[in-house]
Every structure is written in structure tokens, then in C-alpha cells.
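Structure file work_29.csv with CSV, C-alpha atoms and all ligand atoms:
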```csv
chain,number,residue,atom,x,y,z
A,1,MET,CA,106.2,116.2,83.5
A,2,ILE,CA,109.5,117.9,82.8
A,3,CYS,CA,112.8,116.7,84.2
A,4,GLY,CA,116.1,118.4,84.3
A,5,MET,CA,117.9,118.6,80.9
A,6,GLY,CA,114.5,119.3,79.3
A,7,MET,CA,113.7,115.6,79.0
A,8,TYR,CA,110.0,114.6,79.0
A,9,TYR,CA,109.0,111.5,80.8
A,10,PRO,CA,105.3,110.5,80.8
A,11,THR,CA,104.1,108.8,83.9
A,12,ASP,CA,101.8,105.8,84.2
A,13,ILE,CA,98.9,108.0,85.2
A,14,GLU,CA,99.4,110.3,82.2
A,15,SER,CA,99.6,107.3,79.8
A,16,GLY,CA,96.6,105.5,81.4
A,17,LYS,CA,98.6,102.5,82.5
A,18,THR,CA,98.8,100.4,85.7
A,19,LEU,CA,102.0,98.7,86.7
A,20,CYS,CA,101.9,95.3,88.3
A,21,LEU,CA,104.2,95.6,91.4
A,22,GLU,CA,104.8,91.8,91.5
A,23,CYS,CA,106.0,91.2,88.0
A,24,GLU,CA,106.3,94.7,86.4
A,25,TRP,CA,103.9,94.1,83.6
A,26,LEU,CA,102.2,97.2,82.3
A,27,SER,CA,98.4,96.9,81.9
A,28,ASP,CA,95.7,99.4,80.8
A,29,VAL,CA,94.3,101.4,83.6
A,30,HIS,CA,90.9,99.7,83.5
A,31,GLU,CA,92.4,96.2,84.1
A,32,ARG,CA,91.9,94.8,87.6
A,33,THR,CA,94.3,91.8,87.5
A,34,CYS,CA,97.7,91.4,85.9
A,35,ALA,CA,97.6,89.5,82.6
A,36,GLN,CA,101.1,88.1,83.2
A,37,CYS,CA,101.1,86.9,86.8
A,38,GLY,CA,97.5,87.1,87.9
A,39,ALA,CA,98.1,89.5,90.8
A,40,ARG,CA,95.5,92.2,91.7
A,41,ILE,CA,96.7,95.5,90.4
A,42,TYR,CA,96.1,99.1,91.4
A,43,GLN,CA,97.6,102.2,89.8
A,44,ARG,CA,98.6,103.3,93.3
A,45,LYS,CA,98.6,101.1,96.5
A,46,PRO,CA,95.0,101.4,97.9
A,47,MET,CA,94.7,103.7,101.0
A,48,SER,CA,98.5,103.9,101.1
A,49,LEU,CA,98.8,107.1,103.1
A,50,LEU,CA,96.2,106.2,105.6
A,51,ARG,CA,97.7,102.8,106.2
A,52,THR,CA,101.2,104.1,106.4
A,53,TRP,CA,100.2,106.8,108.9
A,54,SER,CA,98.4,104.2,111.1
A,55,TYR,CA,101.2,101.7,111.1
A,56,THR,CA,103.9,104.3,111.8
A,57,ILE,CA,102.0,105.9,114.7
A,58,ALA,CA,101.3,102.5,116.1
A,59,ALA,CA,105.0,101.5,115.8
A,60,LEU,CA,106.0,104.6,117.6
A,61,LEU,CA,103.6,103.8,120.5
A,62,PHE,CA,104.9,100.2,120.8
A,63,LEU,CA,108.5,101.5,121.0
A,64,ILE,CA,107.8,103.1,124.3
A,65,PRO,CA,107.2,99.9,126.3
A,66,ALA,CA,109.9,98.3,124.1
A,67,ASN,CA,112.5,100.6,125.6
A,68,LEU,CA,111.2,100.8,129.1
A,69,LEU,CA,110.4,97.1,129.9
A,70,PRO,CA,113.1,94.5,130.3
A,71,MET,CA,114.0,92.6,127.0
A,72,MET,CA,115.0,89.6,129.0
A,73,ILE,CA,115.1,88.4,132.5
A,74,ILE,CA,118.2,86.6,133.6
A,75,THR,CA,117.8,84.5,136.8
A,76,LYS,CA,121.2,83.7,138.4
A,77,LEU,CA,121.1,81.7,141.6
A,78,GLY,CA,117.6,82.7,142.3
A,79,ILE,CA,118.1,86.4,141.7
A,80,ASP,CA,116.2,88.0,138.9
A,81,GLU,CA,117.9,90.6,136.7
A,82,GLY,CA,116.0,92.5,134.1
A,83,ASN,CA,117.7,93.9,131.1
A,84,THR,CA,116.2,96.7,128.9
A,85,ILE,CA,117.6,97.2,125.4
A,86,LEU,CA,119.8,100.0,126.6
A,87,GLU,CA,121.1,98.0,129.5
A,88,GLY,CA,121.9,95.2,127.1
A,89,VAL,CA,124.1,97.6,125.1
A,90,ILE,CA,125.8,98.8,128.3
A,91,TYR,CA,126.4,95.2,129.3
A,92,PHE,CA,128.4,94.5,126.1
A,93,VAL,CA,130.4,97.8,126.4
A,94,ARG,CA,131.3,97.0,130.0
A,95,TYR,CA,132.5,93.5,129.1
A,96,GLY,CA,134.8,95.0,126.5
A,97,GLU,CA,132.7,94.0,123.5
A,98,MET,CA,132.5,97.5,122.1
A,99,SER,CA,131.7,96.4,118.5
A,100,ILE,CA,128.8,94.1,119.6
A,101,GLY,CA,127.5,96.9,121.8
A,102,ILE,CA,127.5,99.2,118.9
A,103,ILE,CA,125.8,96.7,116.6
A,104,ILE,CA,123.0,96.2,119.1
A,105,PHE,CA,122.7,99.9,119.7
A,106,ILE,CA,122.4,100.6,116.0
A,107,ALA,CA,120.1,97.7,115.3
A,108,SER,CA,117.7,98.2,118.2
A,109,ILE,CA,117.7,101.9,119.0
A,110,ILE,CA,119.0,103.9,116.0
A,111,VAL,CA,117.4,101.9,113.2
A,112,PRO,CA,113.8,101.9,114.6
A,113,LEU,CA,113.9,105.6,115.5
A,114,PHE,CA,115.5,106.5,112.2
A,115,LYS,CA,112.9,104.4,110.3
A,116,ILE,CA,110.0,106.0,112.1
A,117,SER,CA,111.3,109.5,111.5
A,118,ALA,CA,112.0,108.7,107.9
A,119,LEU,CA,108.5,107.4,107.4
A,120,PHE,CA,107.0,110.6,108.9
A,121,PHE,CA,109.2,112.6,106.5
A,122,LEU,CA,108.0,110.5,103.5
A,123,LEU,CA,104.4,110.8,104.6
A,124,VAL,CA,104.7,114.6,104.8
A,125,ILE,CA,106.2,114.8,101.3
A,126,ALA,CA,103.4,112.6,99.9
A,127,GLN,CA,100.6,114.1,101.9
A,128,PHE,CA,101.4,117.8,101.1
A,129,GLY,CA,102.8,117.2,97.6
A,130,ILE,CA,106.3,118.6,98.3
A,131,VAL,CA,107.6,117.3,94.9
A,132,GLU,CA,111.0,119.0,95.2
A,133,GLN,CA,111.8,116.5,98.0
A,134,ALA,CA,110.5,113.5,96.1
A,135,LYS,CA,114.0,112.4,94.9
A,136,ASN,CA,115.5,112.6,98.4
A,137,GLY,CA,112.4,110.8,99.7
A,138,VAL,CA,112.7,107.9,97.3
A,139,ARG,CA,116.4,107.5,98.3
A,140,LEU,CA,115.4,107.4,101.9
A,141,PHE,CA,112.6,105.0,101.1
A,142,ARG,CA,115.1,102.6,99.5
A,143,LEU,CA,117.3,102.8,102.5
A,144,ILE,CA,114.7,102.1,105.1
A,145,GLU,CA,113.3,99.2,103.0
A,146,ARG,CA,116.8,97.6,103.1
A,147,ILE,CA,117.7,98.1,106.8
A,148,GLY,CA,114.3,97.5,108.4
A,149,LYS,CA,114.6,93.9,109.2
A,150,TRP,CA,117.9,94.2,111.0
A,151,SER,CA,116.2,95.8,114.0
A,152,LEU,CA,114.9,92.3,114.8
A,153,LEU,CA,118.4,91.2,115.6
A,154,ASP,CA,117.9,91.6,119.3
A,155,ILE,CA,114.8,89.4,119.3
A,156,PHE,CA,116.7,86.6,117.7
A,157,VAL,CA,119.5,87.0,120.3
A,158,VAL,CA,116.9,86.8,123.1
A,159,ALA,CA,115.5,83.7,121.5
A,160,ILE,CA,118.9,82.0,121.5
A,161,MET,CA,119.6,83.1,125.0
A,162,ILE,CA,116.4,81.6,126.3
A,163,ALA,CA,117.0,78.3,124.5
A,164,MET,CA,120.6,78.1,125.7
A,165,VAL,CA,120.5,79.2,129.3
A,166,GLN,CA,118.3,76.7,131.1
A,167,PHE,CA,120.2,75.4,134.1
A,168,GLN,CA,117.4,75.0,136.6
A,169,ASN,CA,118.4,76.8,139.8
A,170,LEU,CA,121.8,77.9,138.5
A,171,ALA,CA,120.8,80.2,135.7
A,172,SER,CA,117.9,80.7,133.3
A,173,VAL,CA,116.7,83.3,130.9
A,174,LYS,CA,113.1,84.4,130.2
A,175,ALA,CA,111.7,86.9,127.6
A,176,GLY,CA,110.7,90.2,129.1
A,177,GLY,CA,107.8,92.3,128.1
A,178,ALA,CA,109.9,94.4,125.8
A,179,ALA,CA,110.6,91.5,123.5
A,180,PHE,CA,107.0,91.3,122.4
A,181,ALA,CA,106.5,95.1,122.2
A,182,PHE,CA,109.7,95.5,120.3
A,183,GLY,CA,108.9,92.7,117.9
A,184,VAL,CA,105.5,94.3,117.2
A,185,ALA,CA,107.0,97.8,116.7
A,186,VAL,CA,109.5,96.5,114.2
A,187,PHE,CA,106.8,94.6,112.3
A,188,LEU,CA,104.6,97.7,112.2
A,189,THR,CA,107.5,99.7,110.7
A,190,MET,CA,107.9,97.0,108.1
A,191,MET,CA,104.2,97.0,107.3
A,192,ALA,CA,104.3,100.8,107.1
A,193,THR,CA,107.1,100.6,104.5
A,194,GLU,CA,105.2,98.0,102.6
A,195,ALA,CA,102.0,100.1,102.6
A,196,PHE,CA,103.8,103.3,101.5
A,197,ASP,CA,103.7,104.0,97.8
A,198,PRO,CA,106.7,106.1,96.9
A,199,ARG,CA,105.1,107.2,93.6
A,200,LEU,CA,102.7,109.3,95.6
A,201,MET,CA,105.6,111.7,96.3
A,202,PHE,CA,106.1,112.3,92.6
A,203,ASP,CA,102.5,112.4,91.6
A,204,LYS,CA,101.6,116.0,92.5
A,205,GLU,CA,104.0,117.3,89.9
A,206,LYS,CA,102.2,119.3,87.3
A,207,THR,CA,103.0,118.9,83.6
F,208,MET,CA,114.3,86.8,66.1
F,209,LYS,CA,115.4,90.3,65.0
F,210,SER,CA,112.1,91.2,63.6
F,211,LYS,CA,110.4,90.9,67.0
F,212,THR,CA,109.6,94.0,69.0
F,213,LEU,CA,112.7,94.5,71.1
F,214,LEU,CA,111.4,97.4,73.0
F,215,TYR,CA,109.8,96.5,76.3
F,216,GLN,CA,107.5,98.8,78.1
F,217,SER,CA,107.2,98.9,81.9
F,218,ALA,CA,107.0,101.6,84.5
F,219,CYS,CA,109.2,102.6,87.5
F,220,LYS,CA,107.9,101.1,90.7
F,221,GLU,CA,109.2,104.0,92.7
F,222,CYS,CA,108.2,107.1,90.8
F,223,GLY,CA,105.7,105.9,88.2
F,224,VAL,CA,107.5,107.0,85.0
F,225,VAL,CA,106.9,104.9,81.9
F,226,LEU,CA,110.0,103.1,80.7
F,227,ASN,CA,111.0,101.7,77.4
F,228,TYR,CA,114.0,99.4,77.3
F,229,ASN,CA,115.6,97.0,75.0
F,230,LYS,CA,114.3,93.6,75.9
F,231,SER,CA,117.0,91.8,74.0
F,232,ASP,CA,119.7,93.2,76.3
F,233,THR,CA,119.4,91.0,79.3
F,234,TYR,CA,122.9,91.4,80.5
F,235,HIS,CA,122.9,94.8,82.0
F,236,HIS,CA,121.2,96.5,84.9
F,237,PHE,CA,118.8,99.4,84.1
F,238,TYR,CA,118.1,102.3,86.4
F,239,CYS,CA,115.2,104.7,86.2
F,240,PRO,CA,116.3,107.9,84.5
F,241,ARG,CA,114.0,110.0,86.7
F,242,CYS,CA,114.5,108.6,90.2
F,243,GLY,CA,117.5,106.3,89.9
F,244,ALA,CA,115.6,103.1,91.0
F,245,LEU,CA,116.9,99.8,89.8
F,246,VAL,CA,114.3,98.7,87.2
F,247,TYR,CA,115.9,95.7,85.7
F,248,ALA,CA,118.6,93.4,87.1
F,249,SER,CA,119.9,90.7,84.8
F,250,GLY,CA,119.4,87.1,86.1
F,251,GLU,CA,121.5,84.0,85.9
F,252,ARG,CA,120.5,80.9,84.0
F,253,PHE,CA,117.9,78.8,85.7
F,254,ILE,CA,120.1,75.8,86.1
F,255,ARG,CA,122.5,77.7,88.3
F,256,VAL,CA,119.7,79.0,90.5
F,257,ILE,CA,118.3,75.4,90.7
F,258,VAL,CA,121.7,74.0,91.8
F,259,MET,CA,122.0,76.7,94.4
F,260,ALA,CA,118.5,76.3,95.7
F,261,LEU,CA,119.0,72.5,96.0
F,262,SER,CA,122.3,72.9,97.9
F,263,ALA,CA,120.6,75.4,100.2
F,264,LEU,CA,117.9,72.9,101.0
F,265,ILE,CA,120.2,70.0,101.4
F,266,ALA,CA,122.3,72.0,103.9
F,267,PHE,CA,119.2,73.1,105.7
F,268,PHE,CA,117.5,69.8,106.6
F,269,PRO,CA,120.3,68.4,108.8
F,270,THR,CA,120.1,71.6,111.0
F,271,PHE,CA,116.8,70.2,112.4
F,272,PHE,CA,118.8,67.6,114.3
F,273,MET,CA,122.3,69.1,114.5
F,274,PRO,CA,122.9,71.4,117.4
F,275,ILE,CA,124.2,74.9,116.7
F,276,LEU,CA,125.6,75.7,120.1
F,277,THR,CA,126.5,73.9,123.3
F,278,LEU,CA,126.8,75.6,126.7
F,279,GLU,CA,128.4,74.0,129.7
F,280,MET,CA,127.9,75.3,133.2
F,281,ALA,CA,128.9,73.5,136.4
F,282,ASP,CA,128.6,70.0,135.0
F,283,GLN,CA,125.3,70.7,133.2
F,284,THR,CA,125.3,70.9,129.4
F,285,VAL,CA,122.6,72.4,127.2
F,286,SER,CA,122.8,72.3,123.4
F,287,THR,CA,120.2,73.5,121.0
F,288,THR,CA,119.2,73.3,117.4
F,289,LEU,CA,117.7,76.0,115.3
F,290,VAL,CA,114.3,74.4,115.7
F,291,GLY,CA,115.0,73.8,119.4
F,292,VAL,CA,115.3,77.5,120.0
F,293,VAL,CA,111.8,78.0,118.6
F,294,MET,CA,110.3,75.0,120.4
F,295,HIS,CA,111.7,76.1,123.7
F,296,ILE,CA,110.4,79.7,123.5
F,297,PHE,CA,107.0,78.2,122.6
F,298,ASP,CA,107.0,76.1,125.7
F,299,GLU,CA,108.1,79.1,127.8
F,300,GLY,CA,104.8,80.7,127.0
F,301,ASN,CA,106.0,83.2,124.4
F,302,PRO,CA,104.3,81.8,121.3
F,303,ALA,CA,104.3,85.2,119.5
F,304,ILE,CA,108.1,85.5,119.7
F,305,ALA,CA,108.5,81.8,118.8
F,306,LEU,CA,106.4,82.2,115.7
F,307,MET,CA,108.2,85.4,114.7
F,308,VAL,CA,111.6,83.7,114.9
F,309,GLY,CA,110.5,80.4,113.4
F,310,ILE,CA,108.6,81.9,110.5
F,311,THR,CA,110.9,84.7,109.5
F,312,GLY,CA,114.2,82.9,110.3
F,313,MET,CA,113.5,79.5,108.9
F,314,ILE,CA,110.1,78.7,107.4
F,315,ILE,CA,110.1,81.6,104.9
F,316,PRO,CA,113.6,81.1,103.6
F,317,VAL,CA,112.9,77.3,103.1
F,318,ALA,CA,109.6,78.0,101.5
F,319,MET,CA,111.2,80.5,99.1
F,320,MET,CA,113.8,77.9,98.0
F,321,THR,CA,111.1,75.3,97.5
F,322,LEU,CA,109.0,77.6,95.5
F,323,LEU,CA,112.0,78.5,93.3
F,324,LEU,CA,112.5,74.8,92.6
F,325,LEU,CA,108.9,74.2,91.8
F,326,MET,CA,108.9,77.1,89.3
F,327,LEU,CA,112.4,76.7,87.8
F,328,VAL,CA,112.8,72.9,87.4
F,329,PRO,CA,109.9,72.5,85.0
F,330,LEU,CA,111.0,75.6,83.1
F,331,HIS,CA,114.5,74.3,82.8
F,332,PHE,CA,113.0,71.2,81.1
F,333,LYS,CA,110.9,73.5,78.9
F,334,GLN,CA,107.7,72.5,80.6
F,335,ARG,CA,105.1,75.0,81.9
F,336,PRO,CA,105.1,74.7,85.7
F,337,LEU,CA,101.7,73.9,87.3
F,338,HIS,CA,100.2,77.0,88.9
F,339,LEU,CA,103.1,79.2,88.0
F,340,LYS,CA,101.2,82.4,88.7
F,341,ALA,CA,100.1,81.3,92.1
F,342,LEU,CA,103.6,80.1,93.0
F,343,PHE,CA,105.1,83.3,91.9
F,344,GLN,CA,102.6,85.4,93.9
F,345,ILE,CA,103.4,83.5,97.0
F,346,TYR,CA,107.2,83.8,96.3
F,347,SER,CA,107.0,87.5,95.8
F,348,SER,CA,104.9,88.1,98.9
F,349,LEU,CA,107.4,86.1,101.0
F,350,ARG,CA,110.4,88.0,99.6
F,351,ARG,CA,110.2,90.9,102.1
F,352,TRP,CA,109.7,88.8,105.2
F,353,GLY,CA,112.6,86.3,105.1
F,354,MET,CA,115.1,87.0,107.9
F,355,ALA,CA,117.5,84.1,107.8
F,356,GLU,CA,120.5,86.5,107.7
F,357,VAL,CA,119.3,88.3,110.8
F,358,TYR,CA,119.0,84.9,112.6
F,359,LEU,CA,122.5,84.0,111.4
F,360,ILE,CA,124.1,87.2,112.7
F,361,SER,CA,122.2,86.8,116.0
F,362,ILE,CA,124.2,83.6,116.7
F,363,PRO,CA,127.7,85.2,117.0
F,364,VAL,CA,126.1,88.0,119.0
F,365,SER,CA,124.6,85.5,121.4
F,366,ILE,CA,127.9,83.6,121.5
F,367,ILE,CA,129.7,86.6,122.9
F,368,LYS,CA,126.9,87.1,125.5
F,369,LEU,CA,126.9,83.4,126.4
F,370,GLN,CA,130.7,83.2,126.8
F,371,THR,CA,130.5,85.1,130.0
F,372,MET,CA,128.1,82.5,131.5
F,373,GLY,CA,129.9,79.2,130.9
F,374,ASP,CA,131.9,77.1,128.4
F,375,LEU,CA,130.5,77.5,125.0
F,376,SER,CA,131.2,75.5,121.8
F,377,ILE,CA,130.0,76.1,118.3
F,378,ASP,CA,128.5,73.0,116.7
F,379,PRO,CA,128.3,71.8,113.1
F,380,GLY,CA,124.7,73.0,112.8
F,381,PHE,CA,125.9,76.6,112.9
F,382,TYR,CA,128.2,76.1,109.9
F,383,LEU,CA,125.5,74.3,108.0
F,384,PHE,CA,123.1,77.1,108.6
F,385,PHE,CA,125.8,79.6,107.5
F,386,TYR,CA,126.2,77.6,104.3
F,387,PHE,CA,122.5,77.5,103.8
F,388,LEU,CA,122.4,81.2,104.1
F,389,ILE,CA,125.1,81.8,101.5
F,390,CYS,CA,123.4,79.6,99.0
F,391,PHE,CA,120.0,81.2,99.8
F,392,TYR,CA,121.5,84.7,99.2
F,393,ILE,CA,123.2,83.7,95.9
F,394,CYS,CA,119.8,82.3,94.7
F,395,ILE,CA,118.0,85.5,95.5
F,396,VAL,CA,120.6,87.6,93.7
F,397,TRP,CA,120.8,85.2,90.7
F,398,PHE,CA,117.1,84.8,90.1
F,399,ASN,CA,115.4,87.5,88.1
F,400,PRO,CA,111.6,87.1,88.2
F,401,ASP,CA,111.4,88.7,84.7
F,402,ASP,CA,113.0,85.6,83.3
F,403,LEU,CA,109.9,83.5,84.3
F,404,TRP,CA,107.8,85.3,81.8
F,405,HIS,CA,110.2,86.3,79.0
F,406,GLY,CA,111.8,82.9,78.6
F,407,HIS,CA,115.0,84.2,77.1
F,408,VAL,CA,117.0,82.2,79.6
F,409,LEU,CA,115.3,79.1,78.3
F,410,SER,CA,116.5,79.7,74.8
F,411,ASP,CA,120.2,79.7,75.5
A,501,ZN,ZN,102.0,90.8,87.3
A,502,ZN,ZN,111.7,106.0,88.9
```
Could I get this structure in the form of C-alpha cells?
Ligand SMILES: [Zn+2]
Ligand SMILES: [Zn+2]
Amino acid sequence: MICGMGMYYPTDIESGKTLCLECEWLSDVHERTCAQCGARIYQRKPMSLLRTWSYTIAALLFLIPANLLPMMIITKLGIDEGNTILEGVIYFVRYGEMSIGIIIFIASIIVPLFKISALFFLLVIAQFGIVEQAKNGVRLFRLIERIGKWSLLDIFVVAIMIAMVQFQNLASVKAGGAAFAFGVAVFLTMMATEAFDPRLMFDKEKT
Amino acid sequence: MKSKTLLYQSACKECGVVLNYNKSDTYHHFYCPRCGALVYASGERFIRVIVMALSALIAFFPTFFMPILTLEMADQTVSTTLVGVVMHIFDEGNPAIALMVGITGMIIPVAMMTLLLLMLVPLHFKQRPLHLKALFQIYSSLRRWGMAEVYLISIPVSIIKLQTMGDLSIDPGFYLFFYFLICFYICIVWFNPDDLWHGHVLSD
């Protein structure tokens, strides 16, 4: 393949090599395990696009109950009060904790939505061989790989709240249905990122 | 030493281009010329990683018994440890959430530090570690799932939320967990998996 500046870079496929994703050892394409670390190796992640599509769509579906159901149920003096993710954000803003409200808003609402849209964008690039977008795609891939886990922040907060607020009749906190749905959605986006092979975006390029 | 092949062949994980780089230069970072991915990050000497991993583990174990937060509300006090959080959610009937928090927030980071020690301590003493390949494969599969830093940030966020409910105090367990996390992070940054196989850190 030809890059800008007229430089020629052969790819692993063109040179008949397979890269070990665990230890970066380069083997011949007919090898099945890595000689250096013993991992199973594949030239491209097996069924990468199919798995990524499935995880991404499943994640999107789980985000619906995650945003509609209460994240946690706070019982104060016998009165139940459910809190969806968005209500949690509003709670912080109302109590003058703007910055925490923004952190939760970004971590729980913006990041998952951004991640899912980015995954669809990457899938389209790889599926239809839109090589001109591959460089943008790989940058986006690196970004979502890095920020993905932060969307679990709210789950950890709910966990601490449940453990801390246990004053029998006075006040208690329970996990709502959204906590589970949201946790699953975030894990599915992480599995999708894991299943996606960014090299597929570059592969359609002709020499 | 000079007569040995110094060119090292690998490929970019993110775009598949075959790369040749100078193996003897272990002090610089290398980026893929085609897509800009980081393809080689220089690692620290094993002994430093070992010291950091040990201090991470030493700081972690007391957090089993030391509370992280105490909340007081109308003469009742509740304090909880990191493990207490997980146990309580488990009892509440939310085992999935308990497992998620417990595994990603604590078990994986601790397992990673332990695996690092199992791999690096023998190498530091110029011994071949038992089951190095298996240990490394477990380590690299755990890498993506450790979320201790998310757990840590969730504590101050909860503090702000809890402050509106009663008197809250931050306990030593929180600071220890914070220290554990810093050591954990430094370990991950300092450790370069390439050094396991190439052994150039061993020789200096
Ligand atoms: Zn390998
Ligand atoms: Zn590349």
C-alpha cells in the first residue's frame, strides 16, 4: 500500500505474517500459537465485525431501561424515592455541586452514547471499506478504548451509597433496575471495543 | 553485542503495517508511521516495578479491615470498608452488581500486582519464572478490566452525595486505597511487557 510522501509500507497480510496481540511477536501466517508467549494467534480477530455489531446493538438496547428505570431507590422515613440517572445529575446541580453533576452527566450519559455512536461509525468504515476514514477511525477507536470504563462510575457510587446508608427506618438505599441494565450496557460496549479489530478499517486498501 | 541483529520486526496492532525498529534503543517511544499508534513504550527496570507492586499490595491488605467512610445520622453510625461495600450489596440481593464492583474494583487490580511479582521477582534474580507464558496471558487479559481508578473517584462523588444525609467522615482506609492506586498506576506505566521476552533490562 502507498502512504502519503510516497512511502511504501507492507502490511502483515501482504508479508504473510500474523501478529500476536498479547506480546507483539510476529509469526508466519500458518502458525496457530505464538512462539513467544503461547497465546492463540489470528491474523485478524475472528468474527470481529459480527461480534462487534452484536455487542453494540445489545448495548444500545440495554441503555433504554438504564435511562428510564431508577438507578437507586432512597427510602427516607418510609417514603420511597426513585432516582434515574438524569435525576441523579439534576440532584447534584440543585444542591450546588455543579462539577459533580457534570462529571456524572458526562460519565453516565455522554460517554455511553458517544461510545455507541463511535462504534457504529467504526463498523461502517470496516464493513464498507471506507479506507479514507481509517485514520480518523483508529483515533476514535483509541479514544473510546480509553474512556469506556469511566461510564461505570455511577455504578460504583450506587454501590457505596447502598453500603453507607442503612439506618433501618430512618433512611436506606437500594439498587434500582437501572443499575443492572446500565452495568450490562457498559460491559457490552467494552466487549464491543475488545471484539473490534481496527486493522479491518485499513485492510480494504489496494496496493 | 554489536554483531547481533538489532532490527526487530513486529507489526502495528491498529493498522497491520509491518514495522522494523531498532531493538537496542529501549529508551524511546515508537509510534506507527502509518496510523500513529504507540507501538513501543520503554519500560523501567524490573526492580522498580517490583518495589511499586509490593508497596501497592502492602497498602491494599489493611483496607480489608479499615473503614473508608463513616456516616452518622441521628445517633446511628455506619462505617464501611471496601469489601464491606461489596458484601452488603451481595446481601441486598444484587449479586451481579456486587460481583461487578468487587471484581473490577479490587480483585483484578490485586491479581495484576500479584502476577507482576510472580513474573518479575524470578526474572530479577535471573531465574526463569514458572509458567511465565500462562502468567503473562492472564495478566494481559486482565489489563483491560481493572477499574480501581473508577472505584477511587466514585468515593469523593459519593461523599458529596452523602454529606446531605448526615455527618460524614473520611477514614484511613480511603487514603490507603488512594495510595494503593497510585502505586498500581505507576506499576502499569513502568512495566513494559516486551522486557519479559527480550531481557535487556536484566542485563543492566
Ligand atoms: Zn505472543
Ligand atoms: Zn499503525
- Item | All residues 6 Å or closer to Gly101 of chain A, all atoms listed in the file, same chain fewer than 5 positions away omitted, as a list in words | Val89, Phe92 and Val93 of chain A
- Message: as a list in words, please: every protein or nucleic acid residue near ligand ZN 502 (chain A) (cut-off 6 Å, counting all atoms listed in the file).
- Response: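 Those residues are Cys219, Glu221, Cys222, Val224, Cys239, Arg241, Cys242, Gly243 and Ala244 of chain F.
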- Message: Could you list, as an MDAnalysis selection string, all residues that come within 12 Å of ligand ZN 501 (chain A)? Count only C-alpha atoms and all ligand atoms.
- Response: (chainID A and resid 18:27 31:42) or (chainID F and resid 217 339:341 343:344 347 400:401 403:404)
- Which of F:Ser286, F:Ser361, F:Ser348, F:Gln370 sits closest to Phe385 of chain F [using all atoms listed in the file]: F:Ser361
- Task: Considering only C-alpha atoms, return as a VMD selection string whatever protein or nucleic-acid residues lie within 10 Å of segment 153-156 of chain A, sequence-local ones (same chain, fewer than 3 positions apart) excluded.
- Result: (chain A and resid 71 to 72 85 88 103 to 105 107 to 108 149 to 150 159 to 162 175 178 to 180 182 to 183) or (chain F and resid 292 to 293 304 to 305 307 to 309 312 354 356 to 362 364 to 365)
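Take the candidates F:Thr321, F:Ser249, F:Thr311, F:Thr288 and check each one against Leu264 of chain F using only C-alpha atoms; the shortest distance goes to F:Thr321.
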- Message: If we count only C-alpha atoms and set the cut-off at 12 Å, which residues sit around Asn136 of chain A, ignoring sequence neighbours fewer than 6 positions away in its own chain? Please answer as an MDAnalysis selection string.
- Response: (chainID A and resid 118 121:122 125 130 142:143 198 201:202) or (chainID F and resid 222 242:243)
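When only C-alpha atoms are used to measure the gap to chain A, the shortest distance among F:Asn301, F:Thr270, F:Gln334, F:Ser376 belongs to F:Asn301.
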- Query: Any idea what the distance is between atom CA of Ile367 of chain F and atom CA of Val111 of chain A?
  - Reply: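 That distance, rounded to one decimal, is 21.9 Å.
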- Of the residues F:Ile366, F:Leu330, F:Ile395, F:Met273, which is the one nearest to chain A, using only C-alpha atoms?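 Among F:Ile366, F:Leu330, F:Ile395, F:Met273, it is F:Ile366 that comes nearest to chain A.
Here atom CA of Ala318 of chain F is placed at a distance of 22.9 Å from atom CA of Thr193 of chain A.
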- Message: Between atom CA of Gly137 of chain A and atom CA of His30 of chain A, what distance in Å does the model show, to one decimal?
- Response: 29.1 Å
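Among the candidates A:Thr11, A:Ala163, A:Val138, A:Asp203, the one nearest to Val290 of chain F when counting all atoms listed in the file is A:Ala163.
With all atoms listed in the file as the atoms that count, the minimum distance from chain A to the choices F:Leu349, F:Ala260, F:Leu322, F:Cys394 is reached by F:Leu349.
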- Please provide the set of residues having any atom within 6 Å of Pro70 of chain A, restricted to all atoms listed in the file, with same-chain residues fewer than 6 positions apart removed, written as a ChimeraX atom specification. /A:82-84,176,178
- Message: For a quick check of your reading of the model, name the residues lying within 7 Å of the coordinate (109.0, 98.8, 120.4), counting only C-alpha atoms, and write them as an NGL selection string.
- Response: :A and (59 or 62-67 or 181-186)
For Ile275 of chain F, work out the shell of residues within 7 Å, counting only C-alpha atoms and skipping chain neighbours fewer than 2 positions away, then give it as a PDB file with C-alpha atoms, in the coordinates of the input.
```pdb
ATOM      1  CA  MET F 273     122.300  69.100 114.500  1.00  0.00           C
ATOM      2  CA  THR F 287     120.200  73.500 121.000  1.00  0.00           C
ATOM      3  CA  THR F 288     119.200  73.300 117.400  1.00  0.00           C
ATOM      4  CA  LEU F 289     117.700  76.000 115.300  1.00  0.00           C
ATOM      5  CA  ILE F 377     130.000  76.100 118.300  1.00  0.00           C
ATOM      6  CA  ASP F 378     128.500  73.000 116.700  1.00  0.00           C
ATOM      7  CA  PRO F 379     128.300  71.800 113.100  1.00  0.00           C
ATOM      8  CA  GLY F 380     124.700  73.000 112.800  1.00  0.00           C
ATOM      9  CA  PHE F 381     125.900  76.600 112.900  1.00  0.00           C
TER      10      PHE F 381
END
```
